[in-house]
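Structure file model-v9.cif (mmCIF, C-alpha atoms) follows.
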data_target
#
loop_
_atom_site.group_PDB
_atom_site.id
_atom_site.type_symbol
_atom_site.label_atom_id
_atom_site.label_comp_id
_atom_site.auth_asym_id
_atom_site.auth_seq_id
_atom_site.Cartn_x
_atom_site.Cartn_y
_atom_site.Cartn_z
ATOM 1 C CA MET B 8 0.000 0.000 0.000
ATOM 2 C CA PRO B 9 1.217 3.588 -0.614
ATOM 3 C CA PRO B 10 2.565 5.735 2.256
ATOM 4 C CA LEU B 11 -0.083 7.153 4.583
ATOM 5 C CA HIS B 12 -0.910 10.790 5.162
ATOM 6 C CA ILE B 13 -2.298 11.177 8.686
ATOM 7 C CA VAL B 14 -3.623 14.356 10.301
ATOM 8 C CA VAL B 15 -3.969 14.554 14.081
ATOM 9 C CA CYS B 16 -6.445 17.126 15.400
ATOM 10 C CA MET B 17 -5.041 18.282 18.735
ATOM 11 C CA LYS B 18 -6.545 20.571 21.384
ATOM 12 C CA PRO B 19 -4.701 22.592 24.027
ATOM 13 C CA VAL B 20 -6.597 22.362 27.334
ATOM 14 C CA PRO B 21 -6.061 24.079 30.697
ATOM 15 C CA ASP B 22 -3.467 22.243 32.778
ATOM 16 C CA PRO B 23 -5.572 20.032 35.111
ATOM 17 C CA ARG B 24 -3.101 20.720 37.923
ATOM 18 C CA ARG B 25 -4.282 24.366 37.856
ATOM 19 C CA TRP B 26 -8.023 23.882 37.460
ATOM 20 C CA GLY B 27 -8.594 25.520 40.814
ATOM 21 C CA LYS B 28 -7.675 28.839 39.184
ATOM 22 C CA LEU B 29 -10.141 28.553 36.287
ATOM 23 C CA LYS B 30 -12.805 31.265 36.100
ATOM 24 C CA LEU B 31 -15.782 32.065 33.886
ATOM 25 C CA ASP B 32 -16.065 35.354 32.063
ATOM 26 C CA PRO B 33 -19.270 36.865 33.560
ATOM 27 C CA ARG B 34 -20.236 38.421 30.226
ATOM 28 C CA THR B 35 -19.590 35.588 27.740
ATOM 29 C CA MET B 36 -19.935 32.636 30.176
ATOM 30 C CA LEU B 37 -16.766 31.156 28.619
ATOM 31 C CA LEU B 38 -13.709 29.884 30.455
ATOM 32 C CA ARG B 39 -10.981 32.471 30.959
ATOM 33 C CA ARG B 40 -7.990 30.439 29.824
ATOM 34 C CA ASP B 41 -5.365 33.171 29.953
ATOM 35 C CA GLU B 42 -4.647 32.635 33.666
ATOM 36 C CA VAL B 43 -3.990 28.872 33.415
ATOM 37 C CA PRO B 44 -1.215 27.378 31.230
ATOM 38 C CA ALA B 45 -2.292 24.996 28.472
ATOM 39 C CA VAL B 46 -1.173 21.426 27.819
ATOM 40 C CA ILE B 47 -1.910 18.925 25.057
ATOM 41 C CA ASN B 48 -5.215 17.188 25.746
ATOM 42 C CA PRO B 49 -4.184 13.777 27.157
ATOM 43 C CA LEU B 50 -6.165 11.629 24.695
ATOM 44 C CA ASP B 51 -4.721 13.645 21.796
ATOM 45 C CA ARG B 52 -1.314 12.369 22.920
ATOM 46 C CA ASN B 53 -2.634 8.853 22.324
ATOM 47 C CA ALA B 54 -3.742 9.945 18.849
ATOM 48 C CA ILE B 55 -0.256 11.307 18.098
ATOM 49 C CA GLU B 56 1.360 8.112 19.359
ATOM 50 C CA GLN B 57 -0.868 5.965 17.145
ATOM 51 C CA ALA B 58 -0.046 8.116 14.119
ATOM 52 C CA VAL B 59 3.702 7.781 14.753
ATOM 53 C CA THR B 60 3.334 4.005 15.191
ATOM 54 C CA LEU B 61 1.522 3.667 11.850
ATOM 55 C CA ARG B 62 4.129 5.799 10.089
ATOM 56 C CA VAL B 63 6.887 3.508 11.367
ATOM 57 C CA GLN B 64 4.957 0.495 10.066
ATOM 58 C CA HIS B 65 3.750 1.852 6.719
ATOM 59 C CA GLY B 66 5.667 5.043 5.969
ATOM 60 C CA GLY B 67 4.151 8.403 5.154
ATOM 61 C CA SER B 68 3.710 11.748 6.910
ATOM 62 C CA ILE B 69 1.907 13.204 9.919
ATOM 63 C CA ALA B 70 0.448 16.679 10.250
ATOM 64 C CA VAL B 71 -0.850 18.027 13.544
ATOM 65 C CA MET B 72 -3.605 20.644 13.529
ATOM 66 C CA THR B 73 -5.316 22.732 16.185
ATOM 67 C CA MET B 74 -7.828 25.567 16.376
ATOM 68 C CA ALA B 75 -6.561 27.713 19.234
ATOM 69 C CA PRO B 76 -5.044 31.071 20.244
ATOM 70 C CA PRO B 77 -1.507 31.936 19.026
ATOM 71 C CA GLU B 78 -0.003 30.620 22.277
ATOM 72 C CA ALA B 79 -0.835 27.079 21.098
ATOM 73 C CA GLU B 80 2.380 27.083 19.084
ATOM 74 C CA GLU B 81 3.996 25.708 22.253
ATOM 75 C CA GLN B 82 1.763 22.615 22.208
ATOM 76 C CA LEU B 83 2.239 22.226 18.450
ATOM 77 C CA ALA B 84 6.011 22.280 18.973
ATOM 78 C CA GLU B 85 5.638 19.494 21.525
ATOM 79 C CA ALA B 86 3.581 17.463 19.041
ATOM 80 C CA LEU B 87 6.329 17.952 16.442
ATOM 81 C CA ALA B 88 8.875 16.804 19.010
ATOM 82 C CA MET B 89 6.803 13.652 19.563
ATOM 83 C CA GLY B 90 7.151 12.801 15.879
ATOM 84 C CA CYS B 91 4.731 14.852 13.752
ATOM 85 C CA ASP B 92 6.147 16.327 10.525
ATOM 86 C CA ARG B 93 4.081 19.489 9.990
ATOM 87 C CA ALA B 94 1.971 21.744 12.206
ATOM 88 C CA PHE B 95 -1.067 23.900 11.396
ATOM 89 C CA LEU B 96 -2.479 26.548 13.726
ATOM 90 C CA LEU B 97 -6.002 27.779 12.990
ATOM 91 C CA SER B 98 -6.128 31.055 14.852
ATOM 92 C CA ASP B 99 -8.454 33.999 14.385
ATOM 93 C CA ALA B 100 -10.534 36.214 16.658
ATOM 94 C CA ALA B 101 -13.531 35.048 14.624
ATOM 95 C CA PHE B 102 -13.044 31.513 16.009
ATOM 96 C CA ALA B 103 -13.443 32.551 19.675
ATOM 97 C CA GLY B 104 -16.262 30.988 21.678
ATOM 98 C CA ALA B 105 -16.771 28.075 19.273
ATOM 99 C CA ASP B 106 -18.738 25.028 20.393
ATOM 100 C CA SER B 107 -18.007 21.548 19.014
ATOM 101 C CA LEU B 108 -19.841 22.105 15.700
ATOM 102 C CA ALA B 109 -18.222 25.479 14.956
ATOM 103 C CA THR B 110 -14.850 23.918 15.810
ATOM 104 C CA ALA B 111 -15.537 20.963 13.510
ATOM 105 C CA ARG B 112 -16.394 23.337 10.650
ATOM 106 C CA CYS B 113 -12.999 25.056 10.977
ATOM 107 C CA LEU B 114 -11.117 21.759 11.222
ATOM 108 C CA ALA B 115 -12.970 20.288 8.224
ATOM 109 C CA ALA B 116 -12.207 23.389 6.131
ATOM 110 C CA ALA B 117 -8.522 23.179 7.095
ATOM 111 C CA LEU B 118 -8.390 19.458 6.331
ATOM 112 C CA ARG B 119 -9.765 20.115 2.848
ATOM 113 C CA LYS B 120 -7.269 22.951 2.308
ATOM 114 C CA GLN B 121 -4.165 20.985 3.373
ATOM 115 C CA GLY B 122 -4.990 18.141 0.996
ATOM 116 C CA PRO B 123 -6.459 14.620 1.097
ATOM 117 C CA ALA B 124 -5.744 12.652 4.271
ATOM 118 C CA ASP B 125 -5.951 8.887 4.568
ATOM 119 C CA LEU B 126 -6.672 9.083 8.287
ATOM 120 C CA VAL B 127 -7.733 11.828 10.682
ATOM 121 C CA PHE B 128 -6.996 11.059 14.334
ATOM 122 C CA CYS B 129 -8.401 12.749 17.470
ATOM 123 C CA GLY B 130 -8.684 12.008 21.145
ATOM 124 C CA ALA B 131 -12.101 10.571 21.989
ATOM 125 C CA SER B 132 -12.837 13.575 24.220
ATOM 126 C CA SER B 133 -11.180 16.631 25.732
ATOM 127 C CA LEU B 134 -10.634 17.319 29.415
ATOM 128 C CA ASP B 135 -12.343 20.696 29.322
ATOM 129 C CA GLY B 136 -15.394 19.785 27.230
ATOM 130 C CA SER B 137 -15.751 15.979 27.234
ATOM 131 C CA THR B 138 -18.484 16.055 24.578
ATOM 132 C CA SER B 139 -16.864 13.425 22.280
ATOM 133 C CA GLN B 140 -18.544 15.276 19.395
ATOM 134 C CA VAL B 141 -15.786 16.973 17.401
ATOM 135 C CA GLY B 142 -14.380 13.831 15.758
ATOM 136 C CA PRO B 143 -17.744 12.498 14.525
ATOM 137 C CA GLN B 144 -18.796 15.992 13.392
ATOM 138 C CA VAL B 145 -15.590 16.388 11.361
ATOM 139 C CA ALA B 146 -16.243 12.989 9.776
ATOM 140 C CA GLU B 147 -19.807 13.994 8.875
ATOM 141 C CA LEU B 148 -18.640 17.271 7.313
ATOM 142 C CA LEU B 149 -15.970 15.426 5.295
ATOM 143 C CA GLY B 150 -18.353 12.628 4.306
ATOM 144 C CA VAL B 151 -16.147 9.808 5.624
ATOM 145 C CA PRO B 152 -16.709 7.044 8.219
ATOM 146 C CA ASP B 153 -15.934 7.697 11.878
ATOM 147 C CA LEU B 154 -14.733 5.127 14.408
ATOM 148 C CA THR B 155 -14.952 6.316 18.008
ATOM 149 C CA HIS B 156 -13.435 5.336 21.368
ATOM 150 C CA VAL B 157 -10.920 3.045 19.687
ATOM 151 C CA THR B 158 -8.782 0.876 21.986
ATOM 152 C CA ALA B 159 -6.899 -1.127 19.325
ATOM 153 C CA LEU B 160 -6.074 -0.484 15.667
ATOM 154 C CA ALA B 161 -4.415 -2.400 12.824
ATOM 155 C CA LEU B 162 -4.019 -1.642 9.118
ATOM 156 C CA HIS B 163 -3.610 -4.353 6.499
ATOM 157 C CA GLY B 164 -3.598 -3.684 2.767
ATOM 158 C CA GLY B 165 -5.559 -0.471 3.076
ATOM 159 C CA GLN B 166 -8.193 -2.084 5.312
ATOM 160 C CA LEU B 167 -8.565 -0.659 8.804
ATOM 161 C CA ARG B 168 -9.606 -2.926 11.687
ATOM 162 C CA VAL B 169 -10.382 -1.375 15.058
ATOM 163 C CA THR B 170 -11.755 -2.343 18.435
ATOM 164 C CA CYS B 171 -14.157 0.273 19.827
ATOM 165 C CA ARG B 172 -15.388 0.671 23.376
ATOM 166 C CA VAL B 173 -19.199 0.633 23.437
ATOM 167 C CA GLU B 174 -21.727 0.827 26.266
ATOM 168 C CA ASP B 175 -22.065 -2.923 26.764
ATOM 169 C CA GLY B 176 -18.489 -4.012 25.978
ATOM 170 C CA GLU B 177 -16.432 -3.872 22.777
ATOM 171 C CA ALA B 178 -17.176 -3.930 19.055
ATOM 172 C CA LEU B 179 -14.885 -4.883 16.153
ATOM 173 C CA TYR B 180 -15.138 -2.902 12.911
ATOM 174 C CA ASP B 181 -13.517 -3.093 9.467
ATOM 175 C CA CYS B 182 -13.342 0.106 7.451
ATOM 176 C CA GLU B 183 -11.957 1.380 4.150
ATOM 177 C CA LEU B 184 -9.850 4.542 4.041
ATOM 178 C CA PRO B 185 -10.222 7.488 4.415
ATOM 179 C CA ALA B 186 -11.701 7.603 7.905
ATOM 180 C CA VAL B 187 -11.783 9.624 11.126
ATOM 181 C CA VAL B 188 -10.698 7.744 14.264
ATOM 182 C CA THR B 189 -10.943 8.865 17.898
ATOM 183 C CA PHE B 190 -8.944 7.118 20.646
ATOM 184 C CA ASP B 191 -9.376 6.096 24.267
ATOM 185 C CA LYS B 192 -6.370 6.007 26.594
ATOM 186 C CA ASP B 193 -6.095 2.198 26.523
ATOM 187 C CA VAL B 194 -4.913 2.160 22.894
ATOM 188 C CA ASN B 195 -1.244 2.901 23.731
ATOM 189 C CA VAL B 196 1.218 4.691 25.987
ATOM 190 C CA PRO B 197 2.272 8.048 24.456
ATOM 191 C CA ARG B 198 6.011 8.622 24.050
ATOM 192 C CA LEU B 199 7.901 11.568 25.476
ATOM 193 C CA PRO B 200 9.524 14.116 23.147
ATOM 194 C CA THR B 201 13.131 13.282 22.308
ATOM 195 C CA MET B 202 16.023 15.723 22.062
ATOM 196 C CA ARG B 203 16.225 15.026 18.332
ATOM 197 C CA GLY B 204 12.481 15.668 18.090
ATOM 198 C CA ILE B 205 12.814 18.957 19.957
ATOM 199 C CA MET B 206 15.567 20.097 17.576
ATOM 200 C CA THR B 207 13.473 19.077 14.558
ATOM 201 C CA ALA B 208 10.441 20.919 15.953
ATOM 202 C CA ALA B 209 12.462 24.112 16.375
ATOM 203 C CA ALA B 210 13.372 24.019 12.694
ATOM 204 C CA SER B 211 9.939 22.980 11.360
ATOM 205 C CA GLY B 212 7.839 26.059 12.077
ATOM 206 C CA VAL B 213 4.068 26.355 12.121
ATOM 207 C CA THR B 214 1.659 27.200 9.287
ATOM 208 C CA ARG B 215 -1.011 29.660 10.479
ATOM 209 C CA TRP B 216 -4.418 30.000 8.860
ATOM 210 C CA GLY B 217 -7.240 32.402 9.712
ATOM 211 C CA ALA B 218 -10.874 32.570 8.687
ATOM 212 C CA ALA B 219 -10.049 34.170 5.325
ATOM 213 C CA ASP B 220 -7.504 31.434 4.520
ATOM 214 C CA LEU B 221 -10.073 28.727 5.221
ATOM 215 C CA GLY B 222 -12.901 30.449 3.372
ATOM 216 C CA VAL B 223 -15.360 29.950 6.240
ATOM 217 C CA ALA B 224 -18.364 32.234 6.636
ATOM 218 C CA PRO B 225 -18.398 34.399 9.807
ATOM 219 C CA GLY B 226 -21.807 33.062 10.753
ATOM 220 C CA ASP B 227 -20.537 29.446 10.711
ATOM 221 C CA VAL B 228 -17.644 29.783 13.151
ATOM 222 C CA GLY B 229 -16.912 31.100 16.620
ATOM 223 C CA LEU B 230 -19.686 32.079 18.987
ATOM 224 C CA ALA B 231 -21.901 33.238 16.093
ATOM 225 C CA GLY B 232 -21.772 29.771 14.509
ATOM 226 C CA SER B 233 -22.325 27.840 17.736
ATOM 227 C CA PRO B 234 -25.818 26.410 18.276
ATOM 228 C CA THR B 235 -24.736 25.430 21.812
ATOM 229 C CA GLN B 236 -24.109 28.444 24.038
ATOM 230 C CA MET B 237 -23.778 28.959 27.776
ATOM 231 C CA LEU B 238 -26.539 31.317 28.901
ATOM 232 C CA ASN B 239 -25.990 31.341 32.642
ATOM 233 C CA VAL B 240 -24.188 29.612 35.489
ATOM 234 C CA PHE B 241 -25.581 29.554 39.004
ATOM 235 C CA THR B 242 -25.614 27.539 42.205
ATOM 236 C CA ALA B 243 -28.880 25.664 42.563
ATOM 237 C CA ALA B 244 -30.984 26.515 45.592
ATOM 238 C CA GLN B 245 -30.965 23.904 48.326
ATOM 239 C CA GLY B 246 -34.281 22.036 48.373
ATOM 240 C CA ARG B 247 -33.624 20.260 51.658
ATOM 241 C CA LYS B 248 -32.491 21.175 55.114
ATOM 242 C CA GLY B 249 -30.697 19.102 57.703
ATOM 243 C CA VAL B 250 -32.135 18.517 61.182
ATOM 244 C CA MET B 251 -29.904 17.381 64.028
ATOM 245 C CA ILE B 252 -31.519 15.060 66.574
ATOM 246 C CA GLU B 253 -29.598 14.802 69.823
ATOM 247 C CA GLY B 254 -29.980 12.619 72.905
ATOM 248 C CA PRO B 255 -29.649 8.980 73.953
ATOM 249 C CA PRO B 256 -29.954 6.383 71.160
ATOM 250 C CA GLY B 257 -33.463 5.234 72.122
ATOM 251 C CA GLN B 258 -34.778 8.782 72.371
ATOM 252 C CA THR B 259 -33.241 9.921 69.074
ATOM 253 C CA ALA B 260 -34.624 6.837 67.274
ATOM 254 C CA ALA B 261 -38.112 7.510 68.596
ATOM 255 C CA SER B 262 -37.855 11.183 67.630
ATOM 256 C CA LEU B 263 -36.690 10.245 64.118
ATOM 257 C CA LEU B 264 -39.630 7.865 63.646
ATOM 258 C CA GLU B 265 -42.040 10.551 64.796
ATOM 259 C CA LYS B 266 -40.655 13.072 62.302
ATOM 260 C CA LEU B 267 -40.724 10.543 59.449
ATOM 261 C CA ARG B 268 -44.380 9.682 60.173
ATOM 262 C CA ALA B 269 -45.264 13.377 60.372
ATOM 263 C CA ALA B 270 -43.685 13.906 56.959
ATOM 264 C CA ARG B 271 -45.577 10.823 55.633
ATOM 265 C CA VAL B 272 -42.307 9.161 54.661
ATOM 266 C CA ILE B 273 -43.362 6.058 56.613
ATOM 267 C CA GLN B 274 -46.691 4.923 58.089
#
Turn this file's structure into structure tokens for me.
Amino acid sequence: MPPLHIVVCMKPVPDPRRWGKLKLDPRTMLLRRDEVPAVINPLDRNAIEQAVTLRVQHGGSIAVMTMAPPEAEEQLAEALAMGCDRAFLLSDAAFAGADSLATARCLAAALRKQGPADLVFCGASSLDGSTSQVGPQVAELLGVPDLTHVTALALHGGQLRVTCRVEDGEALYDCELPAVVTFDKDVNVPRLPTMRGIMTAAASGVTRWGAADLGVAPGDVGLAGSPTQMLNVFTAAQGRKGVMIEGPPGQTAASLLEKLRAARVIQ
């Protein structure tokens, strides 16, 4: 089979060790990410590892892509150091506030622009959103099959065979290329960046694309293109109150029974 071209869609997420410092913007109801450093979403590391493994087995190239603020170049450099060959940063003020569908539209447009891919890899979910929707939405927009929550993958003669985690166990699927695949953590153990990888990443650079480069309509991306929006966040009112019953065991038990009968909880 010919060499593979794989694209990994990666997301920078707030460092989970600093989640205690996360705040919501009171006006937009979006997370304020500028006060917490970002890291590569953990399951996206599994996606990168699987791409590197397939390239070793079958040859080809790996591109890593993210829709994020300019600071995401740091996470893209780490992905390059792990073994990716090219990096694409989709960054534009018009992309801010995007939900999963608006994000998928940007990623799908970028995937079409960078050229045909045999495989598109993603983590099954992100730490900060956990919707598991972006991968399948990208697949739908590209018109290709999607295989989700994959825990094992093999490629033979252009035929993909995967094991997917499902609600009642596991399912085995065969699929022709191209396809979108999302991974659970059990699929592999991600490698650490090597010194050679870090040196290669420093020399590789990052390709940056904005809304105009992708040809996306303003109403399809960012907050304007997001059918899912946070309207309000509040602490729910307490519907119950606690009552302390004190005294000797026999007396407190009798008092509890009396209160339960009065509330018609028991007869």
Problem - Nearest candidate to B:Val228 (options B:Lys18, B:Lys120, B:Lys192, B:Arg112; using all atoms listed in the file) - result: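 Distance minimum relative to B:Val228 lands on B:Arg112.
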Handout entry: B:Cys16, B:Ala231, B:Ala124, B:Ala244 ranked by distance to B:Pro185, top pick (using all atoms listed in the file)
Key =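 Of B:Cys16, B:Ala231, B:Ala124, B:Ala244, the one nearest B:Pro185, counting all atoms listed in the file, is B:Ala124.
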Exercise for the section: Please indicate the distance in Å from atom CA of B:Gly226 to atom CA of B:Pro33, rounded to one decimal place. Expected result: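 Distance reported for this atom pair: 23.3 Å.
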Exercise for the section: Identify which of the residues B:Asp99, B:Asp32, B:Asp193, B:Glu80 lies closest to B:Val223, counting only C-alpha atoms when measuring atom-to-atom distances. Expected result: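 For B:Val223, the nearest of the candidates is B:Asp99.
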Problem - Spatial neighbours of B:Val196, max dist 10 Å, only C-alpha atoms, sep filter under 6 positions, as a PyMOL selection string - result: chain B and resi 52-53+56-57
Selected residues, C-alpha atoms, written as a CSV table (one decimal), keeping the file's coordinate frame, please.
chain,number,residue,atom,x,y,z
B,52,ARG,CA,-1.3,12.4,22.9
B,53,ASN,CA,-2.6,8.9,22.3
B,56,GLU,CA,1.4,8.1,19.4
B,57,GLN,CA,-0.9,6.0,17.1
Counting all atoms listed in the file, what is within 12 Å of B:Thr170, bar same-chain residues fewer than 5 positions away, as a short mmCIF file (atom, residue, chain, number, x, y, z; two decimals) with C-alpha atoms, keeping the file's coordinate frame?
data_model
loop_
_atom_site.label_atom_id
_atom_site.label_comp_id
_atom_site.auth_asym_id
_atom_site.auth_seq_id
_atom_site.Cartn_x
_atom_site.Cartn_y
_atom_site.Cartn_z
CA LEU B 154 -14.73 5.13 14.41
CA THR B 155 -14.95 6.32 18.01
CA HIS B 156 -13.44 5.34 21.37
CA VAL B 157 -10.92 3.04 19.69
CA THR B 158 -8.78 0.88 21.99
CA ALA B 159 -6.90 -1.13 19.32
CA LEU B 160 -6.07 -0.48 15.67
CA ALA B 161 -4.42 -2.40 12.82
CA GLY B 176 -18.49 -4.01 25.98
CA GLU B 177 -16.43 -3.87 22.78
CA ALA B 178 -17.18 -3.93 19.06
CA LEU B 179 -14.88 -4.88 16.15
CA TYR B 180 -15.14 -2.90 12.91
CA ASP B 181 -13.52 -3.09 9.47
CA CYS B 182 -13.34 0.11 7.45
CA VAL B 188 -10.70 7.74 14.26
CA THR B 189 -10.94 8.86 17.90
CA PHE B 190 -8.94 7.12 20.65
CA ASP B 191 -9.38 6.10 24.27
CA ASP B 193 -6.10 2.20 26.52
CA VAL B 194 -4.91 2.16 22.89
#
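Once B:Cys91 and its same-chain neighbours fewer than 2 positions away are set aside, Ile55, Val59, Ser68, Ile69, Ala70, Val71, Ala86, Leu87, Ala88, Met89, Arg93 and Ala94 of chain B remain within 8 Å of it when counting all atoms listed in the file.
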Exercise for the section: Find, counting all atoms listed in the file, the residue in B:Val272, B:Val145, B:Ala115, B:Val151 that gets nearest to B:Glu183. Expected result: B:Val151
Completion exercise
Shortest contact to B:Cys171, candidates B:Ala116, B:Ala131, B:Ala208, B:Ile252, atoms counted all atoms listed in the file, goes to B:Ala131
Practice task
Using all atoms listed in the file, pick whichever of B:Asp125, B:Glu42, B:Asp106, B:Glu85 has the shortest atom-to-atom distance to B:Met8.
Solution key: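 For B:Met8, the nearest of the given residues is B:Asp125.
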Exercise for the section: Expand the PyMOL selection byres ((chain B and resi 66) around 9) into the individual residues it matches in the shown file, reporting them as a PyMOL selection string. Expected result: chain B and resi 9-12+61-65+67-68
Exercise for the section: Do a neighbour search on B:Leu230 at 12 Å with only C-alpha atoms, toss out local chain neighbours closer than 3 positions, and write the hits as a list in words. Expected result: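 Contacts, with the query itself left out: Thr35, Met36, Leu37, Ala100, Ala101, Phe102, Ala103, Gly104, Ala105, Asp106, Ser107, Leu108, Ala109, Thr110, Pro225, Gly226, Asp227, Ser233, Pro234, Thr235, Gln236 and Met237 of chain B.
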Practice task
Grab the atom CA of B:Asp220 to atom CA of B:Pro123 distance for me, in Å with one decimal place.
Solution key: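 Here the two named atoms are 17.2 Å from each other.
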Exercise for the section: Work out how far atom CA of B:Val187 is from atom CA of B:Cys129, in Å to one decimal. Expected result: 7.8 Å
Practice task
Kindly resolve the PyMOL selection byres ((chain B and resi 127) around 6) on the present coordinates and return the residues as number ranges by chain.
Solution key: B: 13-15, 126, 128, 187
Practice task
Starting from the displayed file, determine the output of the PyMOL selection byres ((chain B and resi 78) around 10) and express the residue list as number ranges by chain.
Solution key: B: 19, 41, 44-45, 75-77, 79-83, 96, 98
Incomplete stretch 40-52 of chain B brought to N, CA and C atoms, written out as a CSV table (one decimal), in the frame of the given file:
chain,number,residue,atom,x,y,z
B,40,ARG,N,-9.1,31.4,29.9
B,40,ARG,CA,-8.0,30.4,29.8
B,40,ARG,C,-6.6,31.1,30.0
B,41,ASP,N,-6.6,32.5,30.0
B,41,ASP,CA,-5.4,33.2,30.0
B,41,ASP,C,-4.6,33.1,31.3
B,42,GLU,N,-5.3,32.7,32.4
B,42,GLU,CA,-4.6,32.6,33.7
B,42,GLU,C,-4.1,31.2,34.0
B,43,VAL,N,-4.4,30.2,33.2
B,43,VAL,CA,-4.0,28.9,33.4
B,43,VAL,C,-3.2,28.4,32.2
B,44,PRO,N,-2.0,27.9,32.4
B,44,PRO,CA,-1.2,27.4,31.2
B,44,PRO,C,-1.9,26.2,30.6
B,45,ALA,N,-1.7,26.1,29.3
B,45,ALA,CA,-2.3,25.0,28.5
B,45,ALA,C,-1.3,23.8,28.3
B,46,VAL,N,-1.9,22.6,28.1
B,46,VAL,CA,-1.2,21.4,27.8
B,46,VAL,C,-1.9,20.7,26.7
B,47,ILE,N,-1.2,19.7,26.1
B,47,ILE,CA,-1.9,18.9,25.1
B,47,ILE,C,-3.0,18.1,25.7
B,48,ASN,N,-4.2,18.0,25.2
B,48,ASN,CA,-5.2,17.2,25.7
B,48,ASN,C,-4.7,15.7,25.8
B,49,PRO,N,-4.8,15.1,27.0
B,49,PRO,CA,-4.2,13.8,27.2
B,49,PRO,C,-4.5,12.8,26.1
B,50,LEU,N,-5.8,12.6,25.7
B,50,LEU,CA,-6.2,11.6,24.7
B,50,LEU,C,-5.6,12.0,23.3
B,51,ASP,N,-5.3,13.3,23.1
B,51,ASP,CA,-4.7,13.6,21.8
B,51,ASP,C,-3.3,13.1,21.7
B,52,ARG,N,-2.6,13.0,22.9
B,52,ARG,CA,-1.3,12.4,22.9
B,52,ARG,C,-1.4,10.9,22.4
